[in-house]
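S.K.: My structure is below; once you've seen it, I'll send some questions.
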Amino acid sequence: MTHDPDCIFCRIVAGELPCFEIYQDDDTLAFMDINPANTGHALAIPKQHWQDLHTTPDEQLAATIATAKRVAGALQAELSPDGINLAQANGKGAAQSVMHFHMHIVPRRLGDELKLNWGMNPGDMDAIGELAKRIAVRLAET
């Protein structure tokens with residue numbers, strides 16, 4: 001199992017630091033965020049250390065998403081929120097604060113003013129179409 005001794009999430013997995021654990025299986029761990037955006041904010045992580053989406057193997061991504069879905073269902077049943085955001089950041093430019101792949105599961109209430117959403121501003125359709133072609137070529141190469 002990959003482990004980074006300087007990673008706070010790896011230290012939680014190893015039992016070196018406490019957490020408010022809510023679920024675990026062979027591959028993943030879910031626990032409450034101690035800096036919650038809203039009541040019920042939880043995290044789902046792979047137990048192995050992977051820095052971000054780009055380095056995490058597909059099977060670990062799938063396991064983490066499955067855990068996030070399971071936690072979201074429990075939060076829905078327990079808190080009856082108006083919605084739930086799943087959020088995941090990659091790199092400092094996306095505000096990733098812990099360099100260990102993780103999913104935020106955030107219960108939402110109408111009017112909670114939590115700023116995760118962006119406005120609906122129509123883009124330049126020609127530029128979007130051209131970028132789509134370039135991305136499709138890259139995907140075909142992989």
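Identifiers for the structure tokens are assigned positionally: chains receive A, B, ... in sequence, residues are indexed from 1 per chain, and ligands are indexed from 1 in the order shown.
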Just the residues within 12 Å of Gln88 of chain A, please, counting only C-alpha atoms, with nothing from its chain fewer than 5 positions along; format it as a count of residues only.
M.R.: 24
S.K.: Quick one, how far is atom CA of Arg11 of chain A from atom CA of Gly40 of chain A?
M.R.: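 Atom CA of Gly40 of chain A lies at a distance of 22.4 Å from atom CA of Arg11 of chain A.
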S.K.: Run DSSP on the backbone of this structure and report the residues of chain A it assigns to alpha helix (DSSP H), as a PyMOL selection string.
M.R.: chain A and resi 8-13+58-79+125-141
S.K.: Just list as a PyMOL selection string whatever in chain A DSSP marks as strand (DSSP E or B).
M.R.: chain A and resi 21-24+28-32+42-46+83-87+103-108
S.K.: Find the residues around Asp25 of chain A up to 12 Å (only C-alpha atoms counted), leave out those fewer than 6 positions away in its own chain, and share them as a PyMOL selection string.
M.R.: chain A and resi 13+44-47+63-64+66-67+70
S.K.: To one decimal place, how far is atom CA of Gln48 of chain A from atom CA of Cys10 of chain A in Å?
M.R.: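 Computing the Euclidean distance for atom CA of Gln48 of chain A and atom CA of Cys10 of chain A yields 7.4 Å.
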S.K.: Do you know which residues are at most 7 Å from Met32 of chain A counting only C-alpha atoms, after dropping those on the same chain fewer than 5 positions away, and could you put them as a list in words?
M.R.: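 Contacts, with the query itself left out: Phe20, Glu21, His41, Ala42 and Leu43 of chain A.
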S.K.: Keeping N, CA and C atoms for every residue in the selection just given, could you write it to a file as a short mmCIF file (atom, residue, chain, number, x, y, z; two decimals), in the first residue's frame?
M.R.:
```cif
data_model
loop_
_atom_site.label_atom_id
_atom_site.label_comp_id
_atom_site.auth_asym_id
_atom_site.auth_seq_id
_atom_site.Cartn_x
_atom_site.Cartn_y
_atom_site.Cartn_z
N PHE A 20 -13.30 11.46 12.76
CA PHE A 20 -14.66 11.04 13.05
C PHE A 20 -15.09 10.12 11.91
N GLU A 21 -14.65 8.87 12.01
CA GLU A 21 -14.89 7.89 10.95
C GLU A 21 -16.39 7.57 10.85
N HIS A 41 -20.80 17.80 6.30
CA HIS A 41 -19.72 17.75 5.31
C HIS A 41 -18.79 16.59 5.65
N ALA A 42 -18.63 15.67 4.70
CA ALA A 42 -17.79 14.50 4.90
C ALA A 42 -16.79 14.36 3.76
N LEU A 43 -15.79 13.51 3.96
CA LEU A 43 -14.77 13.24 2.95
C LEU A 43 -14.71 11.73 2.70
#
```
S.K.: Go through A:Ile8, A:Asn85, A:Cys19, A:Glu141 and flag the residue nearest Lys69 of chain A, using only C-alpha atoms for the distances.
M.R.: A:Asn85
S.K.: What gap, in Å, lies between atom CA of Thr39 of chain A and atom CA of Ala87 of chain A?
M.R.: 15.4 Å
